[in-house]
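Structure file data_9.txt with compact mmCIF, C-alpha atoms:
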# COMPACT_ATOMS: atom_id res chain seq x y z
CA GLN A 1 0.00 0.00 0.00
CA VAL A 2 1.30 3.42 -0.99
CA GLN A 3 0.05 6.70 0.43
CA LEU A 4 0.57 9.92 -1.52
CA VAL A 5 0.05 13.43 -0.21
CA GLU A 6 0.23 16.39 -2.58
CA SER A 7 0.93 19.96 -1.57
CA GLY A 8 1.83 23.28 -3.13
CA GLY A 9 -1.28 24.08 -5.10
CA GLY A 10 -3.00 27.43 -4.95
CA LEU A 11 -4.01 30.55 -6.83
CA VAL A 12 -1.49 32.22 -9.10
CA GLN A 13 -1.63 34.83 -11.83
CA ALA A 14 -0.95 33.93 -15.43
CA GLY A 15 2.76 33.88 -16.08
CA GLY A 16 3.54 32.86 -12.53
CA SER A 17 5.04 29.70 -11.07
CA LEU A 18 4.15 27.02 -8.58
CA ARG A 19 5.97 23.98 -7.27
CA LEU A 20 3.94 20.94 -6.37
CA SER A 21 5.29 18.30 -4.02
CA CYS A 22 4.13 14.77 -3.40
CA ALA A 23 5.28 12.88 -0.33
CA ALA A 24 5.05 9.11 -0.55
CA SER A 25 4.98 6.45 2.12
CA GLY A 26 4.64 2.69 1.90
CA GLY A 27 6.50 0.37 -0.40
CA ILE A 28 9.94 1.18 -1.73
CA PHE A 29 9.64 4.63 -3.27
CA SER A 30 12.78 4.26 -5.34
CA ARG A 31 11.17 1.37 -7.22
CA HIS A 32 8.00 3.21 -8.22
CA ALA A 33 7.55 5.17 -11.40
CA MET A 34 5.76 8.43 -10.60
CA GLY A 35 3.48 10.70 -12.52
CA TRP A 36 1.59 13.94 -12.24
CA PHE A 37 -1.88 14.03 -13.77
CA ARG A 38 -4.52 16.71 -13.89
CA GLN A 39 -8.26 16.81 -14.28
CA THR A 40 -10.89 19.45 -14.90
CA PRO A 41 -14.65 18.95 -14.48
CA GLY A 42 -16.18 16.85 -17.23
CA LYS A 43 -12.83 15.78 -18.64
CA GLU A 44 -10.72 12.69 -18.23
CA ARG A 45 -7.62 12.79 -16.13
CA GLU A 46 -4.61 13.49 -18.32
CA LEU A 47 -0.92 12.89 -17.93
CA VAL A 48 1.13 16.00 -17.27
CA ALA A 49 4.54 14.48 -16.64
CA ALA A 50 6.08 11.20 -15.55
CA ILE A 51 9.43 10.08 -14.23
CA SER A 52 11.12 6.71 -14.02
CA TRP A 53 12.12 5.08 -10.77
CA SER A 54 15.67 6.34 -11.03
CA GLY A 55 14.80 9.78 -12.32
CA GLY A 56 16.82 9.04 -15.42
CA SER A 57 13.90 9.24 -17.79
CA THR A 58 11.10 11.77 -17.90
CA ALA A 59 8.22 12.51 -20.21
CA SER A 60 5.72 15.33 -20.41
CA ALA A 61 2.62 16.32 -22.31
CA ASP A 62 3.13 18.56 -25.32
CA SER A 63 1.02 21.25 -23.67
CA VAL A 64 3.51 21.67 -20.82
CA LYS A 65 6.83 20.98 -22.53
CA GLY A 66 9.34 23.67 -21.79
CA ARG A 67 7.25 24.99 -18.90
CA PHE A 68 6.85 22.13 -16.42
CA THR A 69 9.60 19.95 -14.98
CA ILE A 70 9.16 16.76 -13.01
CA SER A 71 11.84 15.59 -10.62
CA ARG A 72 12.22 13.28 -7.65
CA ASP A 73 14.31 12.89 -4.54
CA ASN A 74 14.39 9.22 -3.61
CA ALA A 75 16.13 10.00 -0.33
CA LYS A 76 13.12 12.11 0.67
CA ASN A 77 10.44 9.88 -0.93
CA THR A 78 9.19 12.94 -2.76
CA VAL A 79 8.35 13.85 -6.32
CA TYR A 80 8.03 17.43 -7.53
CA LEU A 81 6.42 19.32 -10.37
CA GLN A 82 7.89 22.73 -11.10
CA MET A 83 5.38 24.73 -13.12
CA ASN A 84 6.48 27.93 -14.83
CA SER A 85 4.75 30.30 -17.23
CA LEU A 86 1.37 29.14 -16.04
CA ASN A 87 -1.69 30.00 -18.07
CA THR A 88 -5.41 29.70 -17.44
CA GLU A 89 -5.58 26.37 -19.28
CA ASP A 90 -3.39 24.87 -16.56
CA THR A 91 -6.18 25.34 -14.03
CA ALA A 92 -7.08 21.87 -12.73
CA VAL A 93 -6.82 19.49 -9.83
CA TYR A 94 -3.38 17.93 -9.95
CA TYR A 95 -2.85 14.37 -8.79
CA CYS A 96 0.32 12.56 -7.91
CA GLU A 97 0.25 8.91 -8.95
CA ALA A 98 2.50 5.93 -8.38
CA LYS A 99 3.11 2.91 -10.56
CA TYR A 100 3.98 0.32 -7.97
CA TYR A 101 7.29 -1.48 -8.31
CA TYR A 102 8.05 -0.37 -11.85
CA PRO A 103 11.83 -0.33 -12.19
CA ALA A 104 11.73 0.07 -15.95
CA ARG A 105 13.90 2.48 -17.89
CA SER A 106 10.96 4.68 -18.91
CA PRO A 107 7.83 5.56 -16.97
CA PRO A 108 4.39 4.51 -18.20
CA LEU A 109 2.59 7.20 -20.18
CA THR A 110 -0.94 5.87 -19.86
CA ASN A 111 -3.10 6.22 -16.80
CA ASP A 112 -2.74 2.72 -15.42
CA TYR A 113 -0.98 3.79 -12.27
CA ASP A 114 -1.80 2.00 -9.06
CA TYR A 115 -2.08 4.68 -6.40
CA TRP A 116 -2.95 8.37 -6.30
CA GLY A 117 -3.32 11.13 -3.79
CA GLN A 118 -6.25 13.35 -2.91
CA GLY A 119 -5.22 16.01 -5.40
CA THR A 120 -4.29 19.65 -5.06
CA GLN A 121 -6.10 22.51 -6.77
CA VAL A 122 -4.17 24.81 -9.07
CA THR A 123 -6.01 27.91 -10.25
CA VAL A 124 -4.45 30.33 -12.70
CA SER A 125 -6.11 33.71 -13.04
CA SER A 126 -5.84 35.93 -16.10
Reformat the file's structure so that it appears as structure tokens.
Amino acid sequence: QVQLVESGGGLVQAGGSLRLSCAASGGIFSRHAMGWFRQTPGKERELVAAISWSGGSTASADSVKGRFTISRDNAKNTVYLQMNSLNTEDTAVYYCEAKYYYPARSPPLTNDYDYWGQGTQVTVSS
């Protein structure tokens, strides 16, 4: 069983930045692939960025490339999402998700992760 707790969401003006954090407990964090997803009302949850167990491989959605960066600190059991140049279309609930025991070279890019947190709201005002 893996527990995930997101933090760092909030209200920010367009063009601003936020850093989301996700603290994990349970299992061996360094063996999980991790992802950040987001969801708006009436839409399916979509992948924002993902990172392999080692941090050596990352992937991100085209809509956030060059603006968002995913990273992890296995010593702290934490994964981060640095979000820069935010725009109103980034407004959503952001979820941290874990693919349990997935020591593959690349993280999964589809939403078949095993655990997720309660989500954190990010609102970007114009």
Using CA of Leu81 (chain A) and CA of Thr69 (chain A) as the two end points, give the distance in Å to one decimal.
-> 5.6 Å
What does the distance from CA of Glu6 (chain A) to CA of Arg19 (chain A) come to in Å, to one decimal?
-> 10.6 Å
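If you look at CA of Thr123 (chain A) and CA of Ser71 (chain A), they are 21.7 Å away from each other.
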Counting all atoms listed in the file, which residues of region 26-55 of chain A sit at most 6 Å from some atom of region 92-114 of chain A, and what is each one's closest atom pair with its distance in Å to one decimal, listed by chain and rising residue number, as CSV?
residue,atom,partner,partner_atom,distance
A:Arg31,CA,A:Tyr101,CA,4.9
A:His32,CA,A:Tyr101,CA,4.7
A:Ala33,CA,A:Lys99,CA,5.1
A:Met34,CA,A:Ala98,CA,4.7
A:Gly35,CA,A:Glu97,CA,5.1
A:Trp36,CA,A:Cys96,CA,4.7
A:Phe37,CA,A:Tyr95,CA,5.1
A:Arg38,CA,A:Tyr94,CA,4.3
A:Gln39,CA,A:Val93,CA,5.4
A:Thr40,CA,A:Ala92,CA,5.0
A:Ile51,CA,A:Pro107,CA,5.5
A:Ser52,CA,A:Pro107,CA,4.6
A:Trp53,CA,A:Pro103,CA,5.6
For the residues in the current selection, export C-alpha atoms as a compact mmCIF listing (two decimals), keeping the file's coordinate frame.
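Contents of selection32.txt, freshly written:
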# COMPACT_ATOMS: atom_id res chain seq x y z
CA ARG A 31 11.17 1.37 -7.22
CA HIS A 32 8.00 3.21 -8.22
CA ALA A 33 7.55 5.17 -11.40
CA MET A 34 5.76 8.43 -10.60
CA GLY A 35 3.48 10.70 -12.52
CA TRP A 36 1.59 13.94 -12.24
CA PHE A 37 -1.88 14.03 -13.77
CA ARG A 38 -4.52 16.71 -13.89
CA GLN A 39 -8.26 16.81 -14.28
CA THR A 40 -10.89 19.45 -14.90
CA ILE A 51 9.43 10.08 -14.23
CA SER A 52 11.12 6.71 -14.02
CA TRP A 53 12.12 5.08 -10.77
Centre and edges of the region 15-25 of chain A box, axis-aligned, 8 Å extra per side, as lines of an AutoDock Vina configuration file:
center_x = 4.4
center_y = 20.2
center_z = -7.0
size_x = 19.2
size_y = 43.4
size_z = 34.2
Which residue gives the smallest distance to Trp116 (chain A) among A:Gly10, A:Cys22, A:Asp73, A:Gly15, with only C-alpha atoms counted?
->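 Closest to Trp116 (chain A) of all the choices is A:Cys22.
Among the candidate residues A:Ser126, A:Gln118, A:Asn77, A:Ser30, the one lying nearest to Gly55 (chain A) is A:Ser30, with distances computed using all atoms listed in the file.
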Atoms added to region 11-37 of chain A (N, CA, C and O atoms), reported as a PDB file, keeping the file's coordinate frame:
ATOM      1  N   LEU A  11      -3.591  29.566  -5.827  1.00  0.00           N
ATOM      2  CA  LEU A  11      -4.010  30.550  -6.830  1.00  0.00           C
ATOM      3  C   LEU A  11      -2.804  31.355  -7.273  1.00  0.00           C
ATOM      4  O   LEU A  11      -2.047  31.867  -6.423  1.00  0.00           O
ATOM      5  N   VAL A  12      -2.634  31.481  -8.570  1.00  0.00           N
ATOM      6  CA  VAL A  12      -1.490  32.220  -9.100  1.00  0.00           C
ATOM      7  C   VAL A  12      -1.939  32.958 -10.358  1.00  0.00           C
ATOM      8  O   VAL A  12      -2.861  32.516 -11.056  1.00  0.00           O
ATOM      9  N   GLN A  13      -1.314  34.069 -10.626  1.00  0.00           N
ATOM     10  CA  GLN A  13      -1.630  34.830 -11.830  1.00  0.00           C
ATOM     11  C   GLN A  13      -0.956  34.199 -13.047  1.00  0.00           C
ATOM     12  O   GLN A  13       0.090  33.540 -12.922  1.00  0.00           O
ATOM     13  N   ALA A  14      -1.542  34.421 -14.186  1.00  0.00           N
ATOM     14  CA  ALA A  14      -0.950  33.930 -15.430  1.00  0.00           C
ATOM     15  C   ALA A  14       0.479  34.443 -15.562  1.00  0.00           C
ATOM     16  O   ALA A  14       0.762  35.608 -15.258  1.00  0.00           O
ATOM     17  N   GLY A  15       1.354  33.546 -15.978  1.00  0.00           N
ATOM     18  CA  GLY A  15       2.760  33.880 -16.080  1.00  0.00           C
ATOM     19  C   GLY A  15       3.562  33.518 -14.856  1.00  0.00           C
ATOM     20  O   GLY A  15       4.803  33.552 -14.884  1.00  0.00           O
ATOM     21  N   GLY A  16       2.874  33.187 -13.780  1.00  0.00           N
ATOM     22  CA  GLY A  16       3.540  32.860 -12.530  1.00  0.00           C
ATOM     23  C   GLY A  16       3.989  31.416 -12.456  1.00  0.00           C
ATOM     24  O   GLY A  16       3.875  30.655 -13.428  1.00  0.00           O
ATOM     25  N   SER A  17       4.490  31.036 -11.284  1.00  0.00           N
ATOM     26  CA  SER A  17       5.040  29.700 -11.070  1.00  0.00           C
ATOM     27  C   SER A  17       4.503  29.097  -9.786  1.00  0.00           C
ATOM     28  O   SER A  17       4.143  29.816  -8.847  1.00  0.00           O
ATOM     29  N   LEU A  18       4.468  27.782  -9.774  1.00  0.00           N
ATOM     30  CA  LEU A  18       4.150  27.020  -8.580  1.00  0.00           C
ATOM     31  C   LEU A  18       5.002  25.760  -8.585  1.00  0.00           C
ATOM     32  O   LEU A  18       5.372  25.263  -9.645  1.00  0.00           O
ATOM     33  N   ARG A  19       5.261  25.253  -7.390  1.00  0.00           N
ATOM     34  CA  ARG A  19       5.970  23.980  -7.270  1.00  0.00           C
ATOM     35  C   ARG A  19       5.119  23.039  -6.456  1.00  0.00           C
ATOM     36  O   ARG A  19       4.846  23.304  -5.281  1.00  0.00           O
ATOM     37  N   LEU A  20       4.703  21.962  -7.067  1.00  0.00           N
ATOM     38  CA  LEU A  20       3.940  20.940  -6.370  1.00  0.00           C
ATOM     39  C   LEU A  20       4.893  19.890  -5.795  1.00  0.00           C
ATOM     40  O   LEU A  20       5.906  19.561  -6.416  1.00  0.00           O
ATOM     41  N   SER A  21       4.534  19.377  -4.641  1.00  0.00           N
ATOM     42  CA  SER A  21       5.290  18.300  -4.020  1.00  0.00           C
ATOM     43  C   SER A  21       4.348  17.144  -3.723  1.00  0.00           C
ATOM     44  O   SER A  21       3.156  17.351  -3.476  1.00  0.00           O
ATOM     45  N   CYS A  22       4.896  15.959  -3.724  1.00  0.00           N
ATOM     46  CA  CYS A  22       4.130  14.770  -3.400  1.00  0.00           C
ATOM     47  C   CYS A  22       4.993  13.886  -2.518  1.00  0.00           C
ATOM     48  O   CYS A  22       6.019  13.373  -2.964  1.00  0.00           O
ATOM     49  N   ALA A  23       4.560  13.725  -1.275  1.00  0.00           N
ATOM     50  CA  ALA A  23       5.280  12.880  -0.330  1.00  0.00           C
ATOM     51  C   ALA A  23       4.671  11.490  -0.330  1.00  0.00           C
ATOM     52  O   ALA A  23       3.453  11.341  -0.193  1.00  0.00           O
ATOM     53  N   ALA A  24       5.517  10.488  -0.466  1.00  0.00           N
ATOM     54  CA  ALA A  24       5.050   9.110  -0.550  1.00  0.00           C
ATOM     55  C   ALA A  24       5.476   8.317   0.679  1.00  0.00           C
ATOM     56  O   ALA A  24       6.540   8.555   1.257  1.00  0.00           O
ATOM     57  N   SER A  25       4.627   7.389   1.052  1.00  0.00           N
ATOM     58  CA  SER A  25       4.980   6.450   2.120  1.00  0.00           C
ATOM     59  C   SER A  25       4.406   5.086   1.743  1.00  0.00           C
ATOM     60  O   SER A  25       3.430   4.989   1.003  1.00  0.00           O
ATOM     61  N   GLY A  26       5.063   4.038   2.243  1.00  0.00           N
ATOM     62  CA  GLY A  26       4.640   2.690   1.900  1.00  0.00           C
ATOM     63  C   GLY A  26       5.380   2.175   0.682  1.00  0.00           C
ATOM     64  O   GLY A  26       5.618   2.917  -0.259  1.00  0.00           O
ATOM     65  N   GLY A  27       5.742   0.937   0.704  1.00  0.00           N
ATOM     66  CA  GLY A  27       6.500   0.370  -0.400  1.00  0.00           C
ATOM     67  C   GLY A  27       7.906   0.940  -0.455  1.00  0.00           C
ATOM     68  O   GLY A  27       8.368   1.610   0.472  1.00  0.00           O
ATOM     69  N   ILE A  28       8.584   0.673  -1.539  1.00  0.00           N
ATOM     70  CA  ILE A  28       9.940   1.180  -1.730  1.00  0.00           C
ATOM     71  C   ILE A  28       9.856   2.258  -2.801  1.00  0.00           C
ATOM     72  O   ILE A  28       9.757   1.969  -3.997  1.00  0.00           O
ATOM     73  N   PHE A  29       9.882   3.505  -2.376  1.00  0.00           N
ATOM     74  CA  PHE A  29       9.640   4.630  -3.270  1.00  0.00           C
ATOM     75  C   PHE A  29      10.560   4.595  -4.484  1.00  0.00           C
ATOM     76  O   PHE A  29      10.138   4.879  -5.601  1.00  0.00           O
ATOM     77  N   SER A  30      11.798   4.221  -4.257  1.00  0.00           N
ATOM     78  CA  SER A  30      12.780   4.260  -5.340  1.00  0.00           C
ATOM     79  C   SER A  30      12.514   3.214  -6.417  1.00  0.00           C
ATOM     80  O   SER A  30      13.204   3.199  -7.434  1.00  0.00           O
ATOM     81  N   ARG A  31      11.529   2.361  -6.209  1.00  0.00           N
ATOM     82  CA  ARG A  31      11.170   1.370  -7.220  1.00  0.00           C
ATOM     83  C   ARG A  31       9.866   1.713  -7.947  1.00  0.00           C
ATOM     84  O   ARG A  31       9.442   0.968  -8.827  1.00  0.00           O
ATOM     85  N   HIS A  32       9.245   2.817  -7.572  1.00  0.00           N
ATOM     86  CA  HIS A  32       8.000   3.210  -8.220  1.00  0.00           C
ATOM     87  C   HIS A  32       8.274   4.219  -9.327  1.00  0.00           C
ATOM     88  O   HIS A  32       9.045   5.160  -9.143  1.00  0.00           O
ATOM     89  N   ALA A  33       7.614   4.067 -10.460  1.00  0.00           N
ATOM     90  CA  ALA A  33       7.550   5.170 -11.400  1.00  0.00           C
ATOM     91  C   ALA A  33       6.496   6.145 -10.863  1.00  0.00           C
ATOM     92  O   ALA A  33       5.542   5.726 -10.205  1.00  0.00           O
ATOM     93  N   MET A  34       6.676   7.422 -11.140  1.00  0.00           N
ATOM     94  CA  MET A  34       5.760   8.430 -10.600  1.00  0.00           C
ATOM     95  C   MET A  34       5.246   9.323 -11.702  1.00  0.00           C
ATOM     96  O   MET A  34       5.941   9.579 -12.691  1.00  0.00           O
ATOM     97  N   GLY A  35       4.050   9.810 -11.516  1.00  0.00           N
ATOM     98  CA  GLY A  35       3.480  10.700 -12.520  1.00  0.00           C
ATOM     99  C   GLY A  35       2.646  11.790 -11.885  1.00  0.00           C
ATOM    100  O   GLY A  35       2.133  11.631 -10.770  1.00  0.00           O
ATOM    101  N   TRP A  36       2.527  12.879 -12.589  1.00  0.00           N
ATOM    102  CA  TRP A  36       1.590  13.940 -12.240  1.00  0.00           C
ATOM    103  C   TRP A  36       0.505  13.970 -13.318  1.00  0.00           C
ATOM    104  O   TRP A  36       0.809  13.986 -14.516  1.00  0.00           O
ATOM    105  N   PHE A  37      -0.729  13.963 -12.882  1.00  0.00           N
ATOM    106  CA  PHE A  37      -1.880  14.030 -13.770  1.00  0.00           C
ATOM    107  C   PHE A  37      -2.724  15.227 -13.365  1.00  0.00           C
ATOM    108  O   PHE A  37      -2.580  15.742 -12.261  1.00  0.00           O
TER     109      PHE A  37
END
